[in-house]
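See below for the structure under consideration.
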There are 2 protein chains.
Amino acid sequence: MKQNPLPAELPGTDRTRHRRLREQGSDDRGALDAILGAGFLCHFGVVVDGHPMVVPTVYGADALNLYFHGSVASRSLVAAPTATVCVTVTHVDGLVLARSVFEHGVNYRSAMIYGTPRVVTDPTEKLAALRCLTEQSAPGQWDYARRPSRKELAATVLLALSLEEASVKIRTGDPDDGDGPDAALPIWAGTLPLVTTFGSERPDAALPEAITAPPHITARVGTRLG
Amino acid sequence: MKQNPLPAELPGTDRTRHRRLREQGSDDRGALDAILGAGFLCHFGVVVDGHPMVVPTVYGADALNLYFHGSVASRSLVAAPTATVCVTVTHVDGLVLARSVFEHGVNYRSAMIYGTPRVVTDPTEKLAALRCLTEQSAPGQWDYARRPSRKELAATVLLALSLEEASVKIRTGDPDDGDGPDAALPIWAGTLPLVTTFGSERPDAALPEAITAPPHITARVGTRLG
């Protein structure tokens, strides 16, 4: 994992301070980097016309920023650089099945990043950000597929969001009612894990048979995401 | 699947109208119900102190409403009943690996629901909403685990959000550059599916060995979520 130049401890701000379920909060930047590195999809929250809008979108993460892209016509992306956004990345690891309904829950890892995104305009930085975005979900594809043309680059809005203001929440392990009075009940309790894996690659219907999938794609089949 | 009394066609409002990528939009309420039925985690977007906050949380869905619960101390839940929220449910089905970086993307199913949630106060409705929430992620547990006590119910805020204003986006299938000039490039293209499955149940460390997992839990092992 790359060295992160930001402080090792996540800064506490009014938005990121863990007000509830403190035991689930983490102030460790390594935990943030791990959560961001384990996925490629986030939920991007922005206020449009006074109302929140939560848009699922892909991201790229480097040590300092999250990157997002979209069409110049996208409402959420156009609104974002003038206002605070909240971007959330969540991995669900399983169900927590307690003795009581009240203690049921989910094992998960989640990161929330707050800030005002910056539009990336410098051509070199734009290309680097697009590379980061592409490699986040599809490592190896930047060097394998056709790179963006000048026209394609112009049609793409790229946003960078600093990772400075972030919070992390993680829940792992057993239900919380194993040491209370409910532990005496004759009720099974435990967790039911959820695992996300890559299936076998499916060639495009228009693809000539002679073109086989490269190793950087086939190597992912059967591996776990997150 | 239960009959949905809302109109079969999702109503177009200024927020839900598909402005871009129209081919990915769906106006079919059946598609909405299917997306909500296939999961249990949403991203709940609400404006708190002027800023968006996107919180991962579990939901329950019936034919008319989404239900959410949380502590009476939760910032996002307390803010929600006085303002519009946007709740997004997303299932990622795979990576779209095109010939060009520009056409890379994700196959997914996503629903966005807009509205102002209502606090559920009627005890009967509150219990029904909690049942719906519990059964969404952990079917069978409402009848198996210990039901909420009066004190637990009082400590829980329950919100109902009408499904009236919703939009659906779905992307499936091959990359989009199979019929353009890039199709002549000697580059593999296709999709890499992502599948989420339940692993084997893990008993709580404090559980007596004599208590075995009930069939409604063990039957899910190896099955697919979503």
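Identifiers in the structure tokens: chain A, B, ... in order shown; residue index from 1 per chain; ligand index from 1 in order shown.
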Skipping near chain neighbours, those fewer than 4 positions away, what residues fall within 6 Å of Gly222 in chain B using only C-alpha atoms, listed as a compact mmCIF listing (two decimals) with C-alpha atoms, in the first residue's frame?
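Final file, selection_31.txt:
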# COMPACT_ATOMS: atom_id res chain seq x y z
CA THR B 197 -23.37 -14.70 -1.64
CA PHE B 198 -23.97 -15.72 1.96
CA GLY B 199 -21.15 -17.69 3.58
Original post:
Could you pull out all residues of range 103-210 of chain A with a DSSP call of alpha helix (DSSP H) and give them as a ChimeraX atom specification?
Top reply: /A:123-137,141-144,150-154
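Note that the spacing between CA of Thr223 in chain A and CA of Gln136 in chain B amounts to 27.8 Å.
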**OP:** Please identify all polymer residues within 8 Å of range 119-134 of chain A, counting only C-alpha atoms, omitting same-chain residues fewer than 4 positions from it, and present them as an NGL selection string.
**Re:** (:A and (58-62 or 67-69 or 81 or 138-139 or 141-142 or 157-160)) or (:B and (101 or 104))
Selection from above, C-alpha atoms, as a PDB file, in the first residue's frame, can you write it?
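Output file again.pdb follows:
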ATOM      1  CA  VAL A  58     -17.454   5.094  -9.422  1.00  0.00           C
ATOM      2  CA  TYR A  59     -14.459   6.728  -7.778  1.00  0.00           C
ATOM      3  CA  GLY A  60     -10.711   6.562  -7.833  1.00  0.00           C
ATOM      4  CA  ALA A  61      -8.669   7.081  -4.664  1.00  0.00           C
ATOM      5  CA  ASP A  62      -5.065   8.106  -4.280  1.00  0.00           C
ATOM      6  CA  TYR A  67     -11.743  11.416  -8.033  1.00  0.00           C
ATOM      7  CA  PHE A  68     -15.106  11.334  -9.794  1.00  0.00           C
ATOM      8  CA  HIS A  69     -16.075  11.774 -13.393  1.00  0.00           C
ATOM      9  CA  PRO A  81     -17.953  22.226  -6.965  1.00  0.00           C
ATOM     10  CA  ALA A 138     -10.379  -2.268 -13.557  1.00  0.00           C
ATOM     11  CA  PRO A 139      -6.669  -2.549 -12.766  1.00  0.00           C
ATOM     12  CA  GLN A 141      -7.127  -1.560 -18.252  1.00  0.00           C
ATOM     13  CA  TRP A 142      -5.450   1.857 -18.522  1.00  0.00           C
ATOM     14  CA  VAL A 157     -15.930  16.567 -15.966  1.00  0.00           C
ATOM     15  CA  LEU A 158     -13.380  15.439 -13.408  1.00  0.00           C
ATOM     16  CA  LEU A 159     -13.726  16.314  -9.745  1.00  0.00           C
ATOM     17  CA  ALA A 160     -11.151  15.907  -6.978  1.00  0.00           C
TER      18      ALA A 160
ATOM     19  CA  VAL B 101     -11.349   3.587 -21.365  1.00  0.00           C
ATOM     20  CA  HIS B 104     -15.791   1.584 -19.213  1.00  0.00           C
TER      21      HIS B 104
END
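For Gly37 in chain A, the set of protein, DNA and RNA residues having any atom at most 10 Å away, when counting only C-alpha atoms and skipping those fewer than 2 positions along the same chain, is Met1, Ala31, Leu32, Asp33, Ala34, Ile35, Gly39, Phe40, Gly60, Ala61, Asp62, Gln136, Ser137 and Gly226 of chain A.
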Subject >> Residue neighbourhood Gly190 in chain A, 10 Å, only C-alpha atoms, exclusion window fewer than 2 positions, as a PyMOL selection string >> reply: (chain A and resi 95-99+104+173-176+178+188+192-193) or (chain B and resi 201-207+213)
**OP:** Considering only C-alpha atoms, return as a list in words whatever protein or nucleic-acid residues lie within 8 Å of Ala83 in chain B, sequence-local ones (same chain, fewer than 3 positions apart) excluded.
**Re:** Val46, Val47, Ala79, Ala80, Thr116 and Pro117 of chain B
**OP:** Go through B:Gly105, B:Pro186, B:Pro214, B:Pro148 one by one, measure the shortest atom-to-atom distance of each to Gly70 in chain A using only C-alpha atoms, and give the residue with the smallest value.
**Re:** B:Gly105
**OP:** For Glu165 in chain A, list every protein, DNA or RNA residue within 12 Å, evaluated using only C-alpha atoms, and leave out those in the same chain fewer than 4 positions away; present the list as a list in words.
**Re:** Leu6, Pro7, Glu9, Leu10, Pro11, Gly12, Thr13, Asp14, Arg15, Thr16, Arg17, Asp27, Arg29, Leu32, Leu64, Asn65, Leu66, Thr84, Val85, Cys86, Val87, Ala111, Met112, Ile113, Tyr114, Gly115, Thr116, Pro117 and Leu161 of chain A
Write the residues of the preceding selection, restricted to N, CA and C atoms, as a compact mmCIF listing (two decimals), in the first residue's frame.
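part.txt written:
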# COMPACT_ATOMS: atom_id res chain seq x y z
N LEU A 6 -0.93 12.34 4.43
CA LEU A 6 -1.80 13.03 5.38
C LEU A 6 -1.55 12.51 6.79
N PRO A 7 -1.95 13.26 7.83
CA PRO A 7 -1.71 12.81 9.20
C PRO A 7 -2.32 11.42 9.43
N GLU A 9 -3.68 10.24 11.97
CA GLU A 9 -4.95 10.28 12.70
C GLU A 9 -5.93 11.18 11.94
N LEU A 10 -7.14 10.67 11.74
CA LEU A 10 -8.14 11.47 11.05
C LEU A 10 -8.54 12.64 11.94
N PRO A 11 -8.62 13.86 11.38
CA PRO A 11 -8.94 15.02 12.20
C PRO A 11 -10.40 15.00 12.63
N GLY A 12 -10.69 15.36 13.86
CA GLY A 12 -12.07 15.44 14.32
C GLY A 12 -12.66 16.79 13.99
N THR A 13 -13.71 16.81 13.18
CA THR A 13 -14.42 18.06 12.94
C THR A 13 -15.84 17.86 13.43
N ASP A 14 -16.62 18.91 13.39
CA ASP A 14 -17.99 18.81 13.88
C ASP A 14 -18.77 17.76 13.09
N ARG A 15 -18.41 17.59 11.82
CA ARG A 15 -19.13 16.62 11.00
C ARG A 15 -18.64 15.20 11.19
N THR A 16 -17.34 15.05 11.45
CA THR A 16 -16.80 13.70 11.46
C THR A 16 -16.73 13.08 12.84
N ARG A 17 -16.89 13.91 13.90
CA ARG A 17 -16.79 13.36 15.24
C ARG A 17 -17.85 12.27 15.43
N ASP A 27 -10.30 6.41 14.14
CA ASP A 27 -9.63 7.66 13.77
C ASP A 27 -8.34 7.38 13.01
N ARG A 29 -6.13 6.70 9.79
CA ARG A 29 -6.14 6.92 8.35
C ARG A 29 -5.89 5.65 7.56
N LEU A 32 -9.16 4.20 6.77
CA LEU A 32 -9.80 4.92 5.65
C LEU A 32 -9.24 4.45 4.32
N LEU A 64 -4.27 11.33 -1.49
CA LEU A 64 -4.75 12.65 -1.08
C LEU A 64 -6.20 12.94 -1.46
N ASN A 65 -6.70 12.30 -2.51
CA ASN A 65 -7.98 12.69 -3.08
C ASN A 65 -8.84 11.50 -3.48
N LEU A 66 -10.13 11.77 -3.57
CA LEU A 66 -11.04 10.92 -4.34
C LEU A 66 -11.30 11.64 -5.67
N THR A 84 -20.66 21.84 -0.42
CA THR A 84 -20.12 20.67 0.27
C THR A 84 -20.81 19.41 -0.25
N VAL A 85 -20.03 18.37 -0.40
CA VAL A 85 -20.60 17.07 -0.71
C VAL A 85 -20.26 16.11 0.43
N CYS A 86 -20.98 15.02 0.48
CA CYS A 86 -20.64 13.93 1.39
C CYS A 86 -20.60 12.66 0.55
N VAL A 87 -19.46 12.03 0.54
CA VAL A 87 -19.28 10.82 -0.27
C VAL A 87 -19.10 9.64 0.68
N ALA A 111 -16.82 4.53 5.06
CA ALA A 111 -16.08 5.79 5.14
C ALA A 111 -16.95 6.91 4.59
N MET A 112 -16.95 8.05 5.28
CA MET A 112 -17.65 9.24 4.80
C MET A 112 -16.63 10.34 4.63
N ILE A 113 -16.63 10.97 3.46
CA ILE A 113 -15.69 12.05 3.18
C ILE A 113 -16.50 13.31 2.89
N TYR A 114 -16.14 14.38 3.58
CA TYR A 114 -16.81 15.67 3.39
C TYR A 114 -15.87 16.67 2.75
N GLY A 115 -16.42 17.55 1.95
CA GLY A 115 -15.60 18.62 1.39
C GLY A 115 -16.25 19.23 0.18
N THR A 116 -15.57 20.22 -0.37
CA THR A 116 -16.05 20.85 -1.61
C THR A 116 -15.12 20.42 -2.73
N PRO A 117 -15.64 19.67 -3.69
CA PRO A 117 -14.76 19.17 -4.75
C PRO A 117 -14.21 20.31 -5.62
N LEU A 161 -11.80 15.43 -4.70
CA LEU A 161 -12.27 15.74 -3.35
C LEU A 161 -11.17 15.35 -2.36
